[in-house]
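Trainee: One file is attached below, upload_23.cif, containing mmCIF, C-alpha atoms and all ligand atoms.
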```cif
data_data
#
loop_
_atom_site.label_atom_id
_atom_site.label_comp_id
_atom_site.auth_asym_id
_atom_site.auth_seq_id
_atom_site.Cartn_x
_atom_site.Cartn_y
_atom_site.Cartn_z
CA MET A 1325 86.11 66.54 123.47
CA ALA A 1326 88.90 68.69 122.09
CA LEU A 1327 86.84 71.85 122.49
CA ALA A 1328 85.46 70.93 125.92
CA SER A 1329 88.94 70.30 127.28
CA LYS A 1330 90.41 73.50 125.90
CA TYR A 1331 90.54 76.25 128.52
CA HIS A 1332 87.63 78.70 128.27
CA PHE A 1333 88.56 82.33 128.88
CA ALA A 1334 84.90 83.38 128.58
CA SER A 1335 84.32 83.42 132.32
CA ASP A 1336 85.73 82.11 135.55
CA ASN A 1337 82.50 80.12 135.96
CA THR A 1338 83.27 77.92 132.96
CA ALA A 1339 85.85 76.07 135.08
CA GLY A 1340 84.86 73.07 137.17
CA ILE A 1341 84.94 72.57 140.91
CA CYS A 1342 88.39 72.93 142.47
CA PRO A 1343 89.86 69.87 144.21
CA GLU A 1344 89.46 71.32 147.72
CA ALA A 1345 85.77 72.15 147.21
CA TRP A 1346 85.29 68.67 145.80
CA GLN A 1347 87.01 67.27 148.88
CA GLY A 1348 84.64 69.30 151.05
CA LEU A 1349 81.67 67.79 149.25
CA GLN A 1350 83.14 64.34 149.80
CA GLU A 1351 83.71 64.98 153.52
CA ALA A 1352 80.11 66.15 153.95
CA ASN A 1353 78.79 63.06 152.23
CA SER A 1354 78.67 60.64 155.12
CA GLY A 1355 76.11 59.96 157.79
CA TYR A 1356 73.11 62.11 158.62
CA HIS A 1357 73.03 65.78 159.52
CA PRO A 1358 70.36 68.27 160.54
CA SER A 1359 68.99 70.08 157.49
CA TYR A 1360 68.56 73.74 156.48
CA GLY A 1361 71.84 74.87 158.03
CA ALA A 1362 71.32 73.58 161.55
CA ASP A 1363 74.31 71.23 161.17
CA GLU A 1364 77.75 71.34 162.71
CA ILE A 1365 79.60 71.91 159.41
CA THR A 1366 77.56 75.05 158.73
CA ALA A 1367 78.24 76.37 162.23
CA ARG A 1368 81.97 75.86 161.67
CA ALA A 1369 81.87 77.47 158.23
CA CYS A 1370 80.16 80.57 159.66
CA GLU A 1371 82.73 80.67 162.44
CA SER A 1372 85.53 80.50 159.87
CA PHE A 1373 84.08 83.64 158.24
CA ARG A 1374 84.20 85.42 161.60
CA ASP A 1375 87.86 84.41 162.00
CA PHE A 1376 88.63 85.40 158.43
CA PHE A 1377 87.12 88.89 158.79
CA GLU A 1378 88.20 89.25 162.45
CA THR A 1379 84.75 90.36 163.50
CA ASP A 1380 81.40 89.08 164.69
CA CYS A 1381 79.44 89.00 161.42
CA GLU A 1382 76.24 87.22 160.34
CA VAL A 1383 76.72 84.79 157.45
CA TYR A 1384 74.14 83.25 155.09
CA PHE A 1385 74.65 81.02 152.08
CA VAL A 1386 72.66 81.27 148.86
CA PHE A 1387 73.00 79.58 145.48
CA ASN A 1388 74.19 82.42 143.25
CA GLY A 1389 75.30 86.01 143.00
CA THR A 1390 72.08 87.42 141.62
CA ALA A 1391 70.22 86.15 144.68
CA ALA A 1392 72.94 87.34 147.06
CA ASN A 1393 72.90 90.85 145.58
CA SER A 1394 69.13 91.17 145.18
CA LEU A 1395 68.17 89.81 148.56
CA SER A 1396 70.77 91.85 150.42
CA LEU A 1397 69.83 95.06 148.58
CA ALA A 1398 66.15 94.33 149.24
CA THR A 1399 67.05 94.10 152.92
CA LEU A 1400 68.72 97.50 152.88
CA CYS A 1401 65.90 99.29 151.06
CA GLN A 1402 62.19 99.93 151.17
CA SER A 1403 60.34 99.90 147.85
CA TYR A 1404 60.49 103.71 147.58
CA HIS A 1405 64.26 103.80 148.08
CA SER A 1406 66.99 103.70 145.47
CA VAL A 1407 70.35 102.00 145.12
CA ILE A 1408 73.28 103.82 143.59
CA CYS A 1409 75.58 101.65 141.50
CA GLY A 1410 77.97 102.01 138.59
CA ASP A 1411 76.76 102.16 135.00
CA VAL A 1412 78.56 98.87 134.31
CA ALA A 1413 77.42 97.17 137.54
CA HIS A 1414 76.25 93.57 137.34
CA VAL A 1415 73.19 94.48 139.43
CA GLU A 1416 72.23 96.97 136.72
CA THR A 1417 73.16 95.13 133.53
CA ASP A 1418 73.12 91.40 134.25
CA GLU A 1419 70.49 90.50 136.83
CA CYS A 1420 67.31 90.84 134.78
CA GLY A 1421 65.83 93.36 137.22
CA ALA A 1422 66.14 91.01 140.21
CA PRO A 1423 67.23 93.76 142.66
CA GLU A 1424 64.15 95.80 141.71
CA PHE A 1425 61.95 92.70 141.83
CA PHE A 1426 63.02 91.43 145.25
CA SER A 1427 62.91 94.93 146.76
CA ASN A 1428 59.41 95.46 145.35
CA GLY A 1429 60.57 98.33 143.22
CA SER A 1430 63.64 100.07 144.67
CA LYS A 1431 65.14 101.89 141.73
CA LEU A 1432 68.74 101.53 140.64
CA LEU A 1433 70.39 104.87 139.90
CA THR A 1434 73.57 104.58 137.87
CA ALA A 1435 76.63 106.73 138.32
CA ARG A 1436 79.44 107.15 135.83
CA THR A 1437 82.42 104.87 136.34
CA LEU A 1438 86.04 105.34 135.46
CA LEU A 1439 87.89 102.04 134.89
CA GLY A 1440 84.88 100.36 136.48
CA LYS A 1441 85.08 102.39 139.70
CA LEU A 1442 82.66 104.88 141.18
CA ASP A 1443 83.76 108.38 141.97
CA SER A 1444 82.77 109.84 145.30
CA LEU A 1445 81.83 113.31 143.94
CA ASP A 1446 79.69 111.84 141.15
CA VAL A 1447 77.85 109.62 143.62
CA GLU A 1448 77.35 112.49 146.02
CA ARG A 1449 75.83 114.62 143.23
CA LEU A 1450 73.40 111.80 142.47
CA ILE A 1451 72.44 111.56 146.14
CA THR A 1452 71.99 115.25 146.77
CA HIS A 1453 70.70 116.80 143.57
CA ARG A 1454 67.12 116.10 144.64
CA LYS A 1455 65.73 116.07 148.14
CA ASP A 1456 62.02 116.12 147.39
CA LEU A 1457 59.63 113.21 147.76
CA HIS A 1458 59.21 112.74 144.01
CA TYR A 1459 62.72 111.30 143.76
CA PRO A 1460 63.40 107.70 144.88
CA ARG A 1461 65.36 108.28 148.05
CA PRO A 1462 68.94 106.91 147.87
CA ARG A 1463 69.42 104.31 150.60
CA ALA A 1464 72.24 102.04 149.46
CA LEU A 1465 75.50 102.33 147.58
CA SER A 1466 76.63 99.23 145.72
CA LEU A 1467 80.29 98.69 144.79
CA SER A 1468 81.64 95.76 142.81
CA GLN A 1469 84.92 94.28 144.06
CA SER A 1470 86.71 93.39 141.86
CA THR A 1471 84.92 95.64 139.37
CA GLU A 1472 83.28 94.44 136.18
CA LEU A 1473 86.36 95.76 134.35
CA GLY A 1474 88.82 93.78 136.46
CA THR A 1475 90.07 96.67 138.57
CA VAL A 1476 90.24 96.61 142.37
CA TYR A 1477 89.21 99.32 144.85
CA ARG A 1478 91.89 100.06 147.44
CA PRO A 1479 90.79 100.33 151.08
CA ASP A 1480 91.14 104.13 151.04
CA GLU A 1481 88.94 104.39 147.93
CA ILE A 1482 86.25 102.27 149.61
CA ALA A 1483 86.55 104.25 152.82
CA LYS A 1484 86.09 107.54 150.98
CA LEU A 1485 82.96 106.33 149.17
CA SER A 1486 81.55 104.76 152.35
CA ALA A 1487 82.14 107.81 154.52
CA MET A 1488 80.37 110.02 151.97
CA ALA A 1489 77.50 107.53 151.58
CA LYS A 1490 77.02 107.14 155.32
CA ASN A 1491 77.08 110.85 155.76
CA HIS A 1492 73.93 110.89 153.62
CA GLY A 1493 72.31 107.95 155.41
CA LEU A 1494 73.13 105.23 152.86
CA HIS A 1495 74.22 101.67 153.62
CA VAL A 1496 77.18 100.21 151.75
CA HIS A 1497 76.80 96.98 149.78
CA MET A 1498 79.67 95.19 148.08
CA ASP A 1499 79.11 92.84 145.16
CA GLY A 1500 82.07 90.54 145.74
CA ALA A 1501 81.42 87.91 143.09
CA ARG A 1502 85.19 88.09 142.66
CA PHE A 1503 86.02 89.28 146.16
CA PHE A 1504 88.86 86.80 146.66
CA ASN A 1505 90.59 87.83 143.44
CA ALA A 1506 90.28 91.44 144.57
CA LEU A 1507 91.68 90.60 147.98
CA ALA A 1508 94.59 88.68 146.46
CA GLY A 1509 95.24 91.73 144.28
CA THR A 1510 95.99 93.97 147.27
CA THR A 1511 98.10 93.81 150.40
CA ALA A 1512 95.05 94.67 152.53
CA SER A 1513 93.56 92.26 155.03
CA PRO A 1514 90.00 90.94 154.59
CA ALA A 1515 88.89 93.28 157.40
CA GLU A 1516 90.66 96.33 155.97
CA ILE A 1517 89.05 95.97 152.56
CA THR A 1518 85.52 95.47 153.96
CA TRP A 1519 84.07 96.51 157.31
CA LYS A 1520 87.02 98.62 158.40
CA ALA A 1521 86.45 100.62 155.18
CA GLY A 1522 82.72 100.93 155.90
CA VAL A 1523 81.17 97.98 154.02
CA ASP A 1524 77.93 96.90 155.75
CA VAL A 1525 77.14 93.82 153.69
CA LEU A 1526 79.34 91.77 151.40
CA CYS A 1527 78.17 89.28 148.79
CA CYS A 1528 81.16 87.00 148.82
CA GLY A 1529 81.63 84.89 145.71
CA GLY A 1530 82.27 81.18 146.00
CA THR A 1531 81.34 79.99 142.51
CA LYS A 1532 83.92 81.92 140.51
CA LEU A 1533 86.59 81.05 143.05
CA GLY A 1534 86.06 77.33 142.36
CA MET A 1535 83.11 76.13 144.39
CA ALA A 1536 79.83 74.66 143.22
CA VAL A 1537 76.69 76.80 143.47
CA THR A 1538 77.35 79.09 146.43
CA GLU A 1539 77.81 82.69 147.45
CA ALA A 1540 77.93 83.91 151.03
CA VAL A 1541 76.09 86.98 152.24
CA VAL A 1542 78.10 88.51 155.08
CA PHE A 1543 76.48 91.19 157.25
CA PHE A 1544 79.09 93.21 159.11
CA ASP A 1545 76.32 95.39 160.47
CA LYS A 1546 74.38 92.63 162.20
CA THR A 1547 71.30 94.78 162.77
CA LEU A 1548 70.76 94.75 158.99
CA ALA A 1549 70.51 90.94 158.97
CA LEU A 1550 67.17 90.93 160.75
CA ASP A 1551 64.85 88.36 159.15
CA PHE A 1552 67.29 87.74 156.31
CA GLU A 1553 66.77 83.98 156.57
CA TYR A 1554 63.08 84.47 155.82
CA ARG A 1555 63.95 86.33 152.64
CA CYS A 1556 66.27 83.51 151.59
CA LYS A 1557 63.63 80.89 152.26
CA GLN A 1558 60.87 82.82 150.48
CA ALA A 1559 63.09 83.34 147.44
CA GLY A 1560 63.86 79.63 147.21
CA GLN A 1561 67.46 80.22 148.28
CA LEU A 1562 67.57 78.16 151.46
CA CYS A 1563 69.41 74.91 150.79
CA SER A 1564 68.06 71.92 152.71
CA LYS A 1565 71.33 69.98 152.41
CA MET A 1566 73.25 73.07 153.50
CA ARG A 1567 76.22 71.02 154.70
CA PHE A 1568 77.36 70.54 151.07
CA ILE A 1569 77.59 74.29 150.63
CA SER A 1570 79.20 74.95 154.02
CA ALA A 1571 81.75 72.16 153.66
CA GLN A 1572 83.14 73.83 150.55
CA TRP A 1573 83.48 77.18 152.31
CA LEU A 1574 85.16 75.54 155.27
CA ARG A 1575 87.78 73.92 153.03
CA LEU A 1576 88.42 77.07 150.98
CA LEU A 1577 88.77 79.34 154.01
CA THR A 1578 91.09 76.86 155.75
CA ASP A 1579 94.87 76.94 155.18
CA ASN A 1580 94.52 79.92 152.80
CA VAL A 1581 93.24 77.71 149.99
CA TRP A 1582 91.28 80.69 148.64
CA GLN A 1583 94.53 82.59 148.44
CA SER A 1584 96.42 80.08 146.40
CA HIS A 1585 93.63 79.85 143.82
CA ALA A 1586 92.97 83.59 143.62
CA THR A 1587 96.66 84.51 143.53
CA ARG A 1588 97.35 82.04 140.79
CA ALA A 1589 94.45 83.25 138.62
CA ASN A 1590 95.63 86.84 139.11
CA ARG A 1591 99.22 85.95 138.26
CA LEU A 1592 98.19 84.21 135.05
CA ALA A 1593 96.00 87.17 134.06
CA ARG A 1594 99.02 89.46 134.44
CA ARG A 1595 101.15 87.09 132.35
CA LEU A 1596 98.46 87.01 129.70
CA ALA A 1597 98.24 90.81 129.62
CA GLU A 1598 102.01 91.20 129.40
CA GLY A 1599 102.21 88.71 126.55
CA LEU A 1600 99.32 90.22 124.63
CA GLY A 1601 100.54 93.76 125.25
CA SER A 1602 103.74 93.01 123.35
CA ILE A 1603 101.87 91.93 120.20
CA PRO A 1604 101.63 94.76 117.65
CA GLY A 1605 98.08 96.08 117.32
CA VAL A 1606 96.84 94.55 120.57
CA GLN A 1607 95.87 96.96 123.33
CA ILE A 1608 95.27 96.13 126.98
CA LEU A 1609 92.31 98.31 127.93
CA TYR A 1610 92.32 98.39 131.75
CA PRO A 1611 94.76 97.77 134.59
CA VAL A 1612 94.92 94.07 135.42
CA ASP A 1613 94.38 94.20 139.19
CA ALA A 1614 92.70 90.81 139.51
CA ASN A 1615 91.88 87.90 137.17
CA ALA A 1616 90.41 89.69 134.15
CA VAL A 1617 92.17 90.92 131.03
CA PHE A 1618 90.37 93.20 128.60
CA ALA A 1619 92.08 93.45 125.25
CA SER A 1620 91.32 95.13 121.97
CA PHE A 1621 92.38 92.81 119.15
CA PRO A 1622 92.71 93.64 115.48
CA GLU A 1623 89.93 91.73 113.74
CA ILE A 1624 92.36 89.33 112.06
CA ILE A 1625 93.78 88.23 115.42
CA ARG A 1626 90.37 87.91 117.03
CA ASP A 1627 88.99 85.86 114.16
CA HIS A 1628 92.05 83.61 114.20
CA LEU A 1629 91.73 83.02 117.96
CA LYS A 1630 88.04 82.18 117.56
CA ALA A 1631 88.83 79.89 114.65
CA ARG A 1632 91.38 78.11 116.85
CA GLY A 1633 88.54 77.37 119.26
CA TRP A 1634 89.29 79.93 122.01
CA GLN A 1635 86.22 81.05 123.91
CA PHE A 1636 85.87 84.63 125.16
CA TYR A 1637 83.25 87.36 125.25
CA ASN A 1638 83.28 90.51 123.15
CA PHE A 1639 80.29 92.31 124.60
CA ILE A 1640 81.61 93.31 128.03
CA GLY A 1641 83.78 96.36 128.64
CA GLY A 1642 84.23 97.39 125.00
CA GLY A 1643 86.81 94.76 124.10
CA SER A 1644 87.48 91.06 124.39
CA ARG A 1645 87.31 89.80 127.96
CA LEU A 1646 89.63 87.02 129.07
CA MET A 1647 89.07 85.57 132.53
CA CYS A 1648 91.52 83.38 134.42
CA SER A 1649 90.37 80.97 137.11
CA TRP A 1650 91.70 78.42 139.58
CA SER A 1651 92.05 75.97 136.72
CA THR A 1652 94.01 78.12 134.26
CA THR A 1653 97.53 76.84 133.68
CA ASP A 1654 100.72 78.44 132.39
CA ALA A 1655 100.37 76.11 129.41
CA ASP A 1656 96.93 77.59 128.63
CA ILE A 1657 98.45 81.07 128.61
CA ASP A 1658 101.38 79.92 126.43
CA ALA A 1659 99.01 78.29 123.94
CA PHE A 1660 96.74 81.34 123.75
CA LEU A 1661 99.67 83.72 123.31
CA GLU A 1662 101.16 81.50 120.61
CA ASP A 1663 97.89 81.53 118.66
CA ALA A 1664 97.60 85.29 119.09
CA GLN A 1665 101.14 85.82 117.78
CA ARG A 1666 100.60 83.74 114.65
C1 LIG A 1701 79.20 86.61 138.14
C2 LIG A 1701 78.85 87.86 138.82
C3 LIG A 1701 77.78 87.89 139.74
C4 LIG A 1701 76.92 86.70 140.07
O1 LIG A 1701 76.25 86.15 139.00
P1 LIG A 1701 75.35 84.83 139.13
O2 LIG A 1701 75.40 84.29 137.74
O3 LIG A 1701 74.00 85.25 139.53
O4 LIG A 1701 75.99 83.93 140.13
C5 LIG A 1701 77.55 89.07 140.42
N1 LIG A 1701 78.31 90.16 140.22
C6 LIG A 1701 79.35 90.17 139.35
C7 LIG A 1701 80.18 91.40 139.22
C8 LIG A 1701 79.64 89.02 138.61
O5 LIG A 1701 80.65 89.03 137.77
#
```
Show how you would write the structure in this file as structure tokens.

Mentor:
Amino acid sequence: MALASKYHFASDNTAGICPEAWQGLQEANSGYHPSYGADEITARACESFRDFFETDCEVYFVFNGTAANSLSLATLCQSYHSVICGDVAHVETDECGAPEFFSNGSKLLTARTLLGKLDSLDVERLITHRKDLHYPRPRALSLSQSTELGTVYRPDEIAKLSAMAKNHGLHVHMDGARFFNALAGTTASPAEITWKAGVDVLCCGGTKLGMAVTEAVVFFDKTLALDFEYRCKQAGQLCSKMRFISAQWLRLLTDNVWQSHATRANRLARRLAEGLGSIPGVQILYPVDANAVFASFPEIIRDHLKARGWQFYNFIGGGSRLMCSWSTTDADIDAFLEDAQR
């Protein structure tokens, strides 16, 4: 019990379901509703996305981020196409080849990243260095927002990458497993950081924000959404009791609930980084733009933290990764910092 109740910094998906998502589930749990997304709650949830992004987008719900990314990339590409992503991208390193599988073989081409971000010139070189038919033709650019290293692309950085990509005929995909933390880490509006900057399709993360089993796939370019529901169904990603997924989204997009959770997680990550940064020998590896802190600990501190029962990963980003979530408290940060200082 003691270990299970101690905050886990390993990932933001170790936390439970936030109260508002739970309330959404409760609200959806009465009476009878049409299945497979034909219900009123789902219609309202999709409408709330259109309000949120201030545009007429197509919205689909799937169970997880791997499906959201793979199915949307498969939609953008034919099997002989390629997707350009960062060398640390989740689609490349953590999806067991699902993007290649669902696209029937589109190849992922990795570009160098700096602090988790792609560089427009590097990507352009990868797109243009071959034009012949022996090279898998680049058709999509995939950006992670926030990045796997906890940094956040600004709207002008996205716009620059998108403009270059579109100039070469590529679509722009955003892996937004932590989109809301990224959004809360900037002063940009949801529209400014997505479609106004050239994003065609966004995989918008619900799970890490505090919901149970859901990610939304948002097509800003509606022509790209053609037949997407068939892909979801074929892949086993169409939920029959869709109202339980939609009700959570509706609650989280209402009254800026998303914002209070994302802002709080980001604030606590900054506090954690500031506290750790003042401990001799500890280095903060990347800017803390969202809810992730990457730290390099002397072995003695790391071993002590592990011995005290703290959970975090050491295999991502070349250091120890500490994630904050909707359920992290100031007391969790205090306790972690105290153990680190000992
Ligand atoms: C967590 C995560 C995902 C989604 O992972 P699933 O486990 O499939 O839900 C996608 N992209 C990034 C960057 C992530 O961190």

Trainee: Please determine, counting all atoms listed in the file, which residue among A:His1495, A:Arg1626, A:Arg1436, A:His1585 has the shortest atom-to-atom distance to Asp1545 in chain A.

Mentor: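 The answer is A:His1495, which sits nearest to Asp1545 in chain A.
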
Trainee: Report as JSON lines: every residue of chain A with an atom at most 6 Å from ligand LIG 1701 (chain A), its closest pair of atoms, and their distance in Å to one decimal, counting all atoms listed in the file, with rows sorted by chain and ascending residue number.

Mentor:
```
{"residue": "A:Asn1388", "atom": "CA", "partner": "A:LIG1701", "partner_atom": "O4", "distance": 3.9}
{"residue": "A:Gly1389", "atom": "CA", "partner": "A:LIG1701", "partner_atom": "C4", "distance": 3.4}
{"residue": "A:Thr1390", "atom": "CA", "partner": "A:LIG1701", "partner_atom": "O3", "distance": 3.6}
{"residue": "A:His1414", "atom": "CA", "partner": "A:LIG1701", "partner_atom": "C7", "distance": 4.9}
{"residue": "A:Ser1468", "atom": "CA", "partner": "A:LIG1701", "partner_atom": "C7", "distance": 5.8}
{"residue": "A:Glu1472", "atom": "CA", "partner": "A:LIG1701", "partner_atom": "C7", "distance": 5.3}
{"residue": "A:Asp1499", "atom": "CA", "partner": "A:LIG1701", "partner_atom": "N1", "distance": 5.7}
{"residue": "A:Ala1501", "atom": "CA", "partner": "A:LIG1701", "partner_atom": "N1", "distance": 4.8}
```

Trainee: Of the candidates A:Ser1372, A:Thr1475, A:Ser1427, A:Gln1635, which shows the shortest atom-to-atom distance to Ala1398 in chain A, using all atoms listed in the file?

Mentor: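 Going through A:Ser1372, A:Thr1475, A:Ser1427, A:Gln1635 one by one, the smallest distance to Ala1398 in chain A is for A:Ser1427.
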
Trainee: Which residues, written as JSON, numbers by chain, have at least one atom at most 7 Å from Arg1645 in chain A, with all atoms listed in the file counted and residues fewer than 6 positions away on the same chain left out?

Mentor: {"A": [1334, 1616, 1617, 1618, 1619, 1636, 1637, 1638]}

Trainee: With all atoms listed in the file as the basis for distance, which of A:Leu1550, A:Met1498, A:Leu1661, A:Leu1438 is at the shortest distance from Trp1519 in chain A?

Mentor: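 Closest to Trp1519 in chain A of all the choices is A:Met1498.
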
Trainee: Record the distance separating CA of Ser1354 in chain A and CA of Ala1536 in chain A, expressed in Å with one decimal.

Mentor: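 Spanning CA of Ser1354 in chain A to CA of Ala1536 in chain A is a straight-line distance of 18.4 Å.
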
Trainee: Name the closest residue to Asn1580 in chain A among the candidates A:Leu1629, A:Val1541, A:Leu1485, A:Ala1508; distances are taken between atoms, counting only C-alpha atoms.

Mentor: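 Once distances to Asn1580 in chain A are computed over only C-alpha atoms, the minimum belongs to A:Ala1508.
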
Trainee: For a quick check of understanding, using all atoms listed in the file, which of A:Trp1573, A:Trp1582, A:Phe1660, A:Tyr1477 has the smallest distance to Asp1613 in chain A?

Mentor: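 Ranked by minimum distance to Asp1613 in chain A, first place goes to A:Tyr1477.
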
Trainee: Would you mind reading off the distance between CA of Leu1548 in chain A and CA of Ala1483 in chain A, one decimal, in Å?

Mentor: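 According to the coordinates, CA of Leu1548 in chain A and CA of Ala1483 in chain A are separated by 19.4 Å.
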
Trainee: Can you complete the atoms of range 1567-1579 of chain A to N, CA, C and O atoms and list them as a short mmCIF file (atom, residue, chain, number, x, y, z; two decimals), keeping the file's coordinate frame?

Mentor:
```cif
data_model
loop_
_atom_site.label_atom_id
_atom_site.label_comp_id
_atom_site.auth_asym_id
_atom_site.auth_seq_id
_atom_site.Cartn_x
_atom_site.Cartn_y
_atom_site.Cartn_z
N ARG A 1567 74.86 71.47 154.38
CA ARG A 1567 76.22 71.02 154.70
C ARG A 1567 77.11 70.93 153.45
O ARG A 1567 78.32 71.11 153.55
N PHE A 1568 76.52 70.66 152.27
CA PHE A 1568 77.36 70.54 151.07
C PHE A 1568 77.89 71.91 150.63
O PHE A 1568 78.95 72.01 150.04
N ILE A 1569 77.13 72.94 150.91
CA ILE A 1569 77.59 74.29 150.63
C ILE A 1569 78.64 74.70 151.67
O ILE A 1569 79.74 75.15 151.34
N SER A 1570 78.31 74.50 152.94
CA SER A 1570 79.20 74.95 154.02
C SER A 1570 80.54 74.23 153.99
O SER A 1570 81.58 74.83 154.30
N ALA A 1571 80.51 72.94 153.65
CA ALA A 1571 81.75 72.16 153.66
C ALA A 1571 82.75 72.72 152.65
O ALA A 1571 83.97 72.71 152.89
N GLN A 1572 82.24 73.24 151.55
CA GLN A 1572 83.14 73.83 150.55
C GLN A 1572 83.78 75.10 151.11
O GLN A 1572 84.97 75.34 150.95
N TRP A 1573 82.95 75.93 151.73
CA TRP A 1573 83.48 77.18 152.31
C TRP A 1573 84.53 76.88 153.37
O TRP A 1573 85.57 77.54 153.44
N LEU A 1574 84.22 75.89 154.19
CA LEU A 1574 85.16 75.54 155.27
C LEU A 1574 86.51 75.15 154.68
O LEU A 1574 87.55 75.63 155.14
N ARG A 1575 86.52 74.34 153.64
CA ARG A 1575 87.78 73.92 153.03
C ARG A 1575 88.51 75.11 152.40
O ARG A 1575 89.72 75.24 152.50
N LEU A 1576 87.77 75.97 151.71
CA LEU A 1576 88.42 77.07 150.98
C LEU A 1576 88.94 78.17 151.91
O LEU A 1576 89.91 78.85 151.59
N LEU A 1577 88.29 78.31 153.08
CA LEU A 1577 88.77 79.34 154.01
C LEU A 1577 89.86 78.79 154.93
O LEU A 1577 90.50 79.54 155.67
N THR A 1578 90.06 77.48 154.91
CA THR A 1578 91.09 76.86 155.75
C THR A 1578 92.43 76.85 155.01
O THR A 1578 92.46 76.69 153.79
N ASP A 1579 93.50 77.01 155.74
CA ASP A 1579 94.87 76.94 155.18
C ASP A 1579 95.08 77.86 153.97
O ASP A 1579 95.87 77.54 153.07
#
```
